[in-house]
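Shown below: protein.txt, with compact mmCIF, C-alpha atoms.
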```txt
# COMPACT_ATOMS: atom_id res chain seq x y z
CA MET M 26 -0.56 -9.56 -17.18
CA LYS M 27 -4.22 -8.76 -16.64
CA TYR M 28 -5.55 -5.21 -16.27
CA THR M 29 -8.60 -3.57 -14.75
CA LYS M 30 -10.06 -0.14 -13.96
CA LEU M 31 -9.19 1.38 -10.60
CA GLY M 32 -12.59 1.90 -9.01
CA ASP M 33 -14.55 4.83 -10.47
CA SER M 34 -11.49 6.22 -12.26
CA ASP M 35 -10.24 6.10 -15.83
CA LEU M 36 -6.98 4.51 -14.69
CA LYS M 37 -6.23 1.15 -16.29
CA VAL M 38 -3.96 -0.70 -13.86
CA SER M 39 -2.19 -4.04 -13.83
CA ARG M 40 -3.70 -6.56 -11.41
CA ILE M 41 -0.36 -6.49 -9.57
CA CYS M 42 0.88 -3.20 -8.15
CA MET M 43 4.61 -2.96 -7.48
CA GLY M 44 5.17 -1.77 -3.92
CA CYS M 45 8.20 0.49 -3.63
CA MET M 46 8.70 0.58 0.15
CA GLY M 47 11.70 -1.72 -0.32
CA PHE M 48 13.45 0.80 -2.57
CA GLY M 49 15.60 3.61 -1.23
CA ASP M 50 18.73 4.58 0.65
CA ALA M 51 18.90 2.27 3.70
CA SER M 52 20.97 4.88 5.59
CA ARG M 53 18.23 7.51 5.30
CA GLY M 54 15.07 5.90 6.56
CA GLN M 55 13.29 3.56 8.91
CA HIS M 56 14.20 0.30 7.11
CA SER M 57 17.62 -1.38 6.99
CA TRP M 58 16.65 -3.96 4.35
CA THR M 59 15.89 -1.69 1.39
CA VAL M 60 17.75 -2.04 -1.92
CA ASP M 61 19.98 0.50 -3.62
CA GLU M 62 19.22 2.35 -6.84
CA GLU M 63 21.02 -0.06 -9.14
CA HIS M 64 18.96 -3.03 -7.94
CA THR M 65 15.79 -0.91 -7.81
CA ARG M 66 16.21 -0.11 -11.49
CA GLU M 67 16.63 -3.78 -12.39
CA ILE M 68 13.45 -4.72 -10.52
CA ILE M 69 11.37 -1.90 -12.00
CA LYS M 70 12.60 -2.67 -15.51
CA ARG M 71 11.72 -6.35 -15.07
CA GLY M 72 8.29 -5.42 -13.72
CA LEU M 73 7.61 -3.28 -16.79
CA GLU M 74 8.70 -6.15 -19.05
CA LEU M 75 6.20 -8.40 -17.27
CA GLY M 76 3.38 -5.93 -17.85
CA ILE M 77 3.22 -4.19 -14.47
CA ASN M 78 2.19 -0.57 -15.00
CA PHE M 79 1.07 0.33 -11.45
CA PHE M 80 3.64 1.56 -8.91
CA ASP M 81 3.06 2.61 -5.30
CA THR M 82 5.50 4.68 -3.25
CA ALA M 83 5.36 7.38 -0.54
CA ILE M 84 7.31 10.44 0.51
CA GLY M 85 7.92 8.73 3.85
CA TYR M 86 9.70 5.73 2.33
CA GLN M 87 13.39 6.19 3.08
CA ASN M 88 13.08 9.97 3.30
CA GLY M 89 11.90 10.39 -0.27
CA THR M 90 14.62 8.27 -1.88
CA SER M 91 12.07 5.62 -2.88
CA GLU M 92 10.24 8.29 -4.89
CA GLN M 93 13.52 9.46 -6.41
CA TYR M 94 14.63 5.97 -7.46
CA LEU M 95 11.21 5.18 -8.92
CA GLY M 96 10.97 8.44 -10.82
CA ARG M 97 14.39 8.13 -12.42
CA ALA M 98 13.80 4.49 -13.42
CA LEU M 99 10.41 5.18 -14.98
CA SER M 100 11.83 8.17 -16.85
CA ASP M 101 14.42 5.88 -18.43
CA PHE M 102 12.35 2.75 -19.01
CA ALA M 103 8.74 3.83 -19.63
CA LYS M 104 6.53 6.46 -21.21
CA ARG M 105 4.85 8.61 -18.57
CA ASP M 106 1.34 8.12 -19.92
CA GLU M 107 1.73 4.33 -19.93
CA VAL M 108 2.32 3.97 -16.18
CA VAL M 109 0.17 4.69 -13.13
CA VAL M 110 2.12 6.22 -10.26
CA ALA M 111 0.75 6.47 -6.73
CA THR M 112 2.39 8.21 -3.81
CA LYS M 113 1.29 9.23 -0.33
CA PHE M 114 1.55 12.19 2.02
CA LEU M 115 2.21 12.24 5.75
CA PRO M 116 0.17 13.91 8.50
CA ARG M 117 1.08 17.43 9.60
CA THR M 118 4.04 17.60 11.95
CA ASN M 119 3.87 19.09 15.44
CA GLU M 120 5.89 22.04 14.15
CA GLU M 121 3.45 22.70 11.31
CA ILE M 122 0.51 22.63 13.68
CA GLU M 123 2.26 25.05 16.05
CA GLU M 124 3.08 27.35 13.10
CA GLY M 125 -0.54 27.34 11.96
CA ILE M 126 0.11 25.54 8.68
CA THR M 127 -3.30 24.38 7.45
CA GLY M 128 -4.13 20.99 6.05
CA GLN M 129 -4.50 22.55 2.60
CA GLN M 130 -1.07 24.19 2.82
CA HIS M 131 0.48 20.98 4.13
CA ILE M 132 -0.86 18.90 1.23
CA SER M 133 0.39 21.46 -1.29
CA ARG M 134 3.87 21.41 0.26
CA MET M 135 4.08 17.62 0.43
CA LEU M 136 2.78 17.14 -3.10
CA ASP M 137 5.26 19.60 -4.57
CA LYS M 138 8.11 17.79 -2.79
CA SER M 139 6.90 14.40 -4.04
CA LEU M 140 6.65 15.71 -7.60
CA GLU M 141 10.19 17.05 -7.27
CA ASN M 142 11.41 13.67 -5.99
CA LEU M 143 9.64 11.80 -8.79
CA GLY M 144 10.66 14.29 -11.48
CA MET M 145 7.04 14.42 -12.66
CA ASP M 146 4.44 17.09 -13.33
CA TYR M 147 1.60 15.03 -11.84
CA VAL M 148 0.80 11.80 -10.02
CA ASP M 149 -2.01 9.53 -11.10
CA LEU M 150 -3.10 8.66 -7.56
CA TYR M 151 -2.36 10.76 -4.44
CA ILE M 152 -3.01 8.88 -1.22
CA TYR M 153 -3.90 10.12 2.27
CA HIS M 154 -1.44 7.87 4.12
CA MET M 155 -3.31 7.68 7.41
CA TRP M 156 -6.19 9.42 9.16
CA ASP M 157 -4.96 12.60 10.82
CA HIS M 158 -7.19 13.26 13.82
CA ARG M 159 -5.57 16.66 14.37
CA THR M 160 -6.48 18.03 10.94
CA PRO M 161 -10.13 18.64 9.96
CA ILE M 162 -11.27 16.25 7.24
CA TYR M 163 -12.72 19.25 5.36
CA ASP M 164 -9.21 20.71 5.09
CA ILE M 165 -7.85 17.39 3.79
CA MET M 166 -10.56 16.97 1.18
CA GLU M 167 -10.36 20.58 0.03
CA GLY M 168 -6.55 20.38 -0.19
CA LEU M 169 -6.76 17.23 -2.27
CA ASN M 170 -9.44 18.73 -4.48
CA ASP M 171 -7.25 21.78 -5.04
CA ALA M 172 -4.45 19.46 -6.19
CA VAL M 173 -6.80 17.75 -8.65
CA LYS M 174 -8.04 21.09 -10.00
CA ALA M 175 -4.44 22.26 -10.42
CA GLY M 176 -3.70 19.22 -12.62
CA LYS M 177 -1.05 17.89 -10.25
CA VAL M 178 -3.16 14.86 -9.24
CA ARG M 179 -5.52 12.79 -11.39
CA TYR M 180 -7.32 10.85 -8.64
CA ILE M 181 -7.13 10.48 -4.87
CA GLY M 182 -6.97 7.48 -2.57
CA ILE M 183 -6.80 6.77 1.15
CA SER M 184 -4.88 4.32 3.32
CA ASN M 185 -5.07 2.96 6.87
CA CYS M 186 -8.63 3.98 7.62
CA PHE M 187 -11.87 2.47 8.87
CA ALA M 188 -14.87 2.05 6.58
CA TRP M 189 -16.77 4.74 8.49
CA GLN M 190 -13.93 7.22 7.91
CA LEU M 191 -13.87 6.53 4.18
CA ALA M 192 -17.68 6.85 4.05
CA LYS M 193 -17.55 10.13 5.98
CA ALA M 194 -14.85 11.61 3.74
CA ASN M 195 -16.56 10.68 0.49
CA ALA M 196 -19.94 11.92 1.74
CA LEU M 197 -18.35 15.28 2.53
CA ALA M 198 -16.67 15.36 -0.88
CA GLU M 199 -19.95 14.60 -2.65
CA ARG M 200 -21.74 17.34 -0.70
CA GLU M 201 -19.05 19.93 -1.45
CA GLY M 202 -18.34 18.90 -5.05
CA PHE M 203 -14.81 17.75 -4.19
CA ALA M 204 -12.91 14.82 -5.68
CA LYS M 205 -13.79 11.54 -3.95
CA PHE M 206 -11.50 8.69 -2.92
CA VAL M 207 -11.45 6.03 -5.66
CA SER M 208 -9.26 3.54 -3.81
CA VAL M 209 -8.32 2.35 -0.34
CA GLN M 210 -5.04 0.80 0.72
CA GLY M 211 -5.40 -1.31 3.85
CA HIS M 212 -3.72 -4.19 5.64
CA TYR M 213 -5.10 -7.37 4.06
CA ASN M 214 -3.69 -10.82 3.38
CA LEU M 215 -4.33 -14.48 4.22
CA LEU M 216 -2.99 -13.93 7.76
CA PHE M 217 -4.93 -10.72 8.41
CA ARG M 218 -8.46 -10.56 7.02
CA GLU M 219 -10.15 -7.97 9.22
CA GLU M 220 -10.88 -5.82 6.15
CA GLU M 221 -13.58 -8.36 5.29
CA ARG M 222 -15.77 -7.17 8.18
CA GLU M 223 -16.84 -3.76 6.82
CA MET M 224 -14.32 -2.35 4.35
CA ALA M 225 -14.64 -5.02 1.65
CA PRO M 226 -18.45 -4.96 1.44
CA PHE M 227 -18.50 -1.15 1.55
CA CYS M 228 -15.98 -0.93 -1.30
CA ALA M 229 -17.93 -3.46 -3.35
CA GLU M 230 -21.09 -1.41 -2.87
CA GLU M 231 -19.42 1.90 -3.78
CA ASN M 232 -17.03 0.62 -6.50
CA ILE M 233 -13.97 1.72 -4.54
CA ALA M 234 -10.83 -0.18 -5.48
CA MET M 235 -9.01 -2.14 -2.79
CA THR M 236 -5.22 -2.13 -3.23
CA PRO M 237 -3.97 -3.76 -0.02
CA TYR M 238 -0.45 -3.53 1.35
CA SER M 239 1.39 -6.31 3.19
CA ALA M 240 -0.02 -8.72 0.62
CA LEU M 241 2.57 -11.34 1.60
CA ALA M 242 2.68 -10.44 5.32
CA GLY M 243 6.19 -9.06 5.14
CA GLY M 244 7.39 -12.17 3.31
CA ARG M 245 5.82 -14.71 5.66
CA LEU M 246 3.40 -15.95 3.02
CA SER M 247 6.22 -16.50 0.51
CA LYS M 248 8.62 -18.52 2.65
CA HIS M 249 8.50 -22.23 3.48
CA PRO M 250 8.85 -23.06 7.20
CA GLY M 251 12.49 -22.59 8.15
CA GLU M 252 13.31 -20.21 5.30
CA THR M 253 14.36 -16.68 6.15
CA SER M 254 15.45 -13.41 4.54
CA LYS M 255 17.05 -10.10 5.45
CA ARG M 256 13.61 -8.53 5.72
CA LEU M 257 12.19 -11.29 7.92
CA GLU M 258 15.13 -10.86 10.27
CA GLU M 259 15.31 -7.06 10.32
CA ASP M 260 11.82 -5.67 9.66
CA SER M 261 10.83 -4.70 13.20
CA TYR M 262 7.53 -3.19 12.03
CA ALA M 263 6.43 -6.45 10.44
CA LYS M 264 7.48 -8.34 13.55
CA LEU M 265 5.27 -6.00 15.56
CA LYS M 266 2.35 -6.93 13.31
CA TYR M 267 2.85 -10.68 13.06
CA ASP M 268 4.99 -12.17 15.84
CA ALA M 269 2.17 -12.25 18.40
CA THR M 270 0.04 -14.48 16.16
CA ALA M 271 2.85 -16.55 14.64
CA GLU M 272 1.66 -19.86 16.07
CA GLN M 273 -1.88 -19.65 14.72
CA ASP M 274 -0.69 -18.09 11.46
CA SER M 275 1.71 -20.98 10.87
CA ILE M 276 -1.26 -23.25 10.13
CA ILE M 277 -2.23 -21.05 7.19
CA ILE M 278 1.38 -20.69 6.03
CA ASN M 279 1.75 -24.47 6.02
CA ARG M 280 -1.38 -24.78 3.88
CA VAL M 281 -0.01 -22.23 1.41
CA ALA M 282 3.22 -24.26 1.21
CA GLU M 283 1.29 -27.50 0.77
CA LEU M 284 -0.89 -26.11 -2.00
CA ALA M 285 2.11 -24.51 -3.74
CA GLU M 286 3.86 -27.87 -3.84
CA LYS M 287 0.72 -29.58 -5.11
CA ARG M 288 0.23 -27.02 -7.89
CA GLY M 289 3.95 -26.79 -8.73
CA VAL M 290 4.09 -23.05 -8.14
CA SER M 291 5.59 -20.70 -5.55
CA MET M 292 4.01 -19.73 -2.25
CA THR M 293 3.97 -16.15 -3.55
CA GLU M 294 1.76 -17.22 -6.44
CA ILE M 295 -0.69 -19.04 -4.17
CA SER M 296 -0.91 -16.21 -1.62
CA LEU M 297 -1.41 -13.48 -4.22
CA ALA M 298 -3.78 -15.58 -6.34
CA TRP M 299 -6.00 -15.90 -3.27
CA LEU M 300 -5.90 -12.14 -2.63
CA LEU M 301 -6.64 -11.43 -6.28
CA THR M 302 -10.03 -13.10 -5.80
CA LYS M 303 -10.86 -10.39 -3.24
CA VAL M 304 -9.31 -7.11 -4.41
CA THR M 305 -8.49 -4.94 -7.43
CA ALA M 306 -4.69 -5.02 -7.21
CA PRO M 307 -2.58 -6.20 -4.26
CA ILE M 308 0.60 -4.25 -3.62
CA ALA M 309 3.52 -6.66 -3.87
CA GLY M 310 6.89 -5.44 -2.71
CA ALA M 311 10.06 -6.69 -4.37
CA THR M 312 13.72 -6.57 -3.39
CA LYS M 313 14.84 -9.28 -5.84
CA LEU M 314 13.97 -10.10 -9.45
CA LYS M 315 12.37 -13.39 -8.42
CA HIS M 316 9.93 -11.49 -6.19
CA VAL M 317 8.46 -9.47 -9.05
CA GLU M 318 8.49 -12.49 -11.35
CA GLY M 319 6.52 -14.54 -8.82
CA ALA M 320 4.03 -11.73 -8.30
CA ALA M 321 3.44 -11.38 -12.04
CA LYS M 322 2.80 -15.12 -12.38
CA ALA M 323 0.14 -14.89 -9.65
CA ALA M 324 -2.03 -12.77 -11.91
CA GLU M 325 -2.39 -15.77 -14.24
CA LEU M 326 -3.06 -18.39 -11.55
CA GLU M 327 -6.64 -19.31 -10.70
CA LEU M 328 -7.60 -21.16 -7.54
CA ASP M 329 -10.73 -23.26 -7.38
CA ALA M 330 -13.40 -22.93 -4.70
CA ASP M 331 -12.09 -25.90 -2.68
CA GLU M 332 -8.55 -24.48 -2.65
CA ILE M 333 -9.81 -21.08 -1.51
CA LYS M 334 -11.85 -22.68 1.26
CA TYR M 335 -8.85 -24.75 2.37
CA LEU M 336 -6.68 -21.62 2.67
CA GLU M 337 -9.33 -19.63 4.52
CA GLU M 338 -10.60 -22.30 6.93
CA PRO M 339 -7.99 -21.92 9.74
CA TYR M 340 -8.36 -18.14 10.08
CA ILE M 341 -9.43 -16.70 13.42
CA PRO M 342 -10.05 -13.00 14.21
CA HIS M 343 -6.98 -10.83 14.81
CA ARG M 344 -6.50 -7.67 16.82
CA LEU M 345 -5.70 -4.49 14.90
CA VAL M 346 -1.97 -3.85 14.70
CA GLY M 347 0.44 -1.22 13.40
CA VAL M 348 -0.90 2.07 12.10
CA MET M 349 -4.53 0.95 12.32
CA ALA M 350 -4.17 0.19 16.03
CA GLN M 351 -3.23 3.85 16.44
CA ASN M 352 -6.13 5.20 14.40
CA THR M 353 -7.77 6.84 17.41
CA GLN M 354 -8.17 10.36 18.66
CA ALA M 355 -6.28 9.46 21.83
CA ALA M 356 -3.25 8.18 19.94
CA SER M 357 -3.18 10.89 17.30
CA SER M 358 -0.57 13.07 18.99
CA ASP M 359 1.73 10.20 19.93
CA SER M 360 4.65 8.88 17.90
CA HIS M 361 3.47 6.39 15.29
CA VAL M 362 5.04 2.98 14.80
CA TRP M 363 6.99 4.33 11.82
CA SER M 364 8.96 7.50 12.32
CA VAL M 365 11.37 9.49 10.20
CA GLY M 366 12.49 12.38 12.33
CA ASP M 367 9.31 14.25 13.13
CA GLN M 368 7.52 12.80 10.11
CA LYS M 369 5.06 10.23 11.46
CA ILE M 370 3.93 7.51 9.09
```

Take the structure in this file and express it as structure tokens.
Amino acid sequence: MKYTKLGDSDLKVSRICMGCMGFGDASRGQHSWTVDEEHTREIIKRGLELGINFFDTAIGYQNGTSEQYLGRALSDFAKRDEVVVATKFLPRTNEEIEEGITGQQHISRMLDKSLENLGMDYVDLYIYHMWDHRTPIYDIMEGLNDAVKAGKVRYIGISNCFAWQLAKANALAEREGFAKFVSVQGHYNLLFREEEREMAPFCAEENIAMTPYSALAGGRLSKHPGETSKRLEEDSYAKLKYDATAEQDSIIINRVAELAEKRGVSMTEISLAWLLTKVTAPIAGATKLKHVEGAAKAAELELDADEIKYLEEPYIPHRLVGVMAQNTQAASSDSHVWSVGDQKI
């Protein structure tokens, strides 16, 4: 496994981040395809054996059970100071807004609950899950800074935002002496490359780490044509993001399959090796041991310039989908594409 620094932080992270959205009680959340605690533990243990030290979860994943499974597994299989744990907080609920709960109070509440779920005293990276148009950005940045000052958070990150929003937030933080975002988690893979327009060059300029989610497009970039899986069949959110462009995306998927066969490796390895030429650490989800094993191998695979060009050549611009399509003032009070009760994610 290869390692690198996470942006302007002191965190040394593996080039592959294990995504934990697939872990958790399937009866208690928005996904039916997640794996139980026994299988979660096997996957996390295998990831640690392969050198993965970076784990990404969220309080919204299966109503906190992803955090709980991750925390218990790491407690048993790793030393706390040898792993980097990231989790995320949700926007304020309608009820909190009506009750007058501030952004600062909301962050404190959510962080304490996440720490309880994880069984930890601090998280290494606390991530603003999506831009909350109904909460002043000053309140968000001050609340996060308070968490850092309290020793409950080492660094902060952001997810599902535009480059201008990240620039605005960090400019405010610099002016006020608050902690700044050191990483951004956006939607980025071979099938969806809109982050290359503004986010990627901005992050390169500012040394902000990119740790994209959906690195394998919900499994589409790891499956040969005709192959399927429980997630491909049941993940309605991923279908929302990718079904409309399936025909044009199939050209890229076929090229991944072709190159994988030529190199004698998996499609997972090809897809992640490409993304590793662009970002700090892609977030690779795993619901089977072979998933994490394939992701770890990708960190050792190098593609040449002709192979990269061949994979990129068929891409055409895509419309924003999912959470990013709802990142507008007008949509901010509506139900998001992921919902857990009144918790919008």

Produce a table with one row for each residue of stretch 163-201 of chain M that has an atom at most 12 Å from any atom of stretch 235-238 of chain M, each row naming the nearest atom pair and its distance in Å at one decimal; use all atoms listed in the file; arrange rows by chain and rising residue number; format as a Markdown table.
```
| residue | atom | partner | partner_atom | distance |
| --- | --- | --- | --- | --- |
| M:Gly182 | CA | M:Thr236 | CA | 9.8 |
| M:Ile183 | CA | M:Met235 | CA | 10.0 |
| M:Ser184 | CA | M:Pro237 | CA | 8.8 |
| M:Asn185 | CA | M:Pro237 | CA | 9.7 |
| M:Cys186 | CA | M:Pro237 | CA | 11.8 |
| M:Ala188 | CA | M:Met235 | CA | 11.8 |
```

Please provide the set of residues having any atom within 6 Å of stretch 104-115 of chain M, restricted to all atoms listed in the file, with same-chain residues fewer than 2 positions apart removed, written as an MDAnalysis selection string.
-> chainID M and resid 78:83 148:154

Determine, counting only C-alpha atoms, which protein, DNA and RNA residues have an atom within 8 Å of an atom of M:Gly72; residues of the same chain fewer than 5 positions away are not included. Present the result as a PyMOL selection string.
-> chain M and resi 43+77-78+317-318+321

Across M:His249, M:Asp33, M:Asn214, M:Lys177, the smallest distance to M:Glu286, with only C-alpha atoms counted, is shown by M:His249

Near M:Thr90, within 7 Å and counting all atoms listed in the file, which residues show up once chain neighbours fewer than 4 positions away are dropped, as a list of chain:residue names?
->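 Returned residues: M:Gly49, M:Asp50, M:Tyr86, M:Tyr94.
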
Which residues are near stretch 135-137 of chain M? Cut-off 8 Å, all atoms listed in the file, ignore same chain within fewer than 3 positions. Put them as a CSV table (one decimal) with C-alpha atoms, in the coordinates of the input.
```csv
chain,number,residue,atom,x,y,z
M,84,ILE,CA,7.3,10.4,0.5
M,114,PHE,CA,1.6,12.2,2.0
M,115,LEU,CA,2.2,12.2,5.8
M,131,HIS,CA,0.5,21.0,4.1
M,132,ILE,CA,-0.9,18.9,1.2
M,140,LEU,CA,6.6,15.7,-7.6
M,141,GLU,CA,10.2,17.0,-7.3
```

Which value, in Å to one decimal, gives the distance between atom CA of M:Val348 and atom CA of M:Gly54?
-> 17.3 Å

Within 6 Å of M:Gly44, counting all atoms listed in the file, which residues show up once you throw out same-chain ones fewer than 3 positions away? Write them as a compact mmCIF listing (two decimals) with C-alpha atoms, in the coordinates of the input, please.
```
# COMPACT_ATOMS: atom_id res chain seq x y z
CA ASP M 81 3.06 2.61 -5.30
CA ILE M 308 0.60 -4.25 -3.62
CA ALA M 309 3.52 -6.66 -3.87
CA GLY M 310 6.89 -5.44 -2.71
```

Would you work out the distance separating atom CA of M:Leu73 from atom CA of M:Leu314, expressed in Å to one decimal?
->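 Distance between the two atoms: 11.9 Å.
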
List every protein, DNA or RNA residue that has at least one atom no more than 10 Å from (-4.3, 0.9, 11.1) in the file's coordinates, counting all atoms listed in the file, and write the result as a PyMOL selection string.
-> chain M and resi 155-156+184-187+211-212+345-353
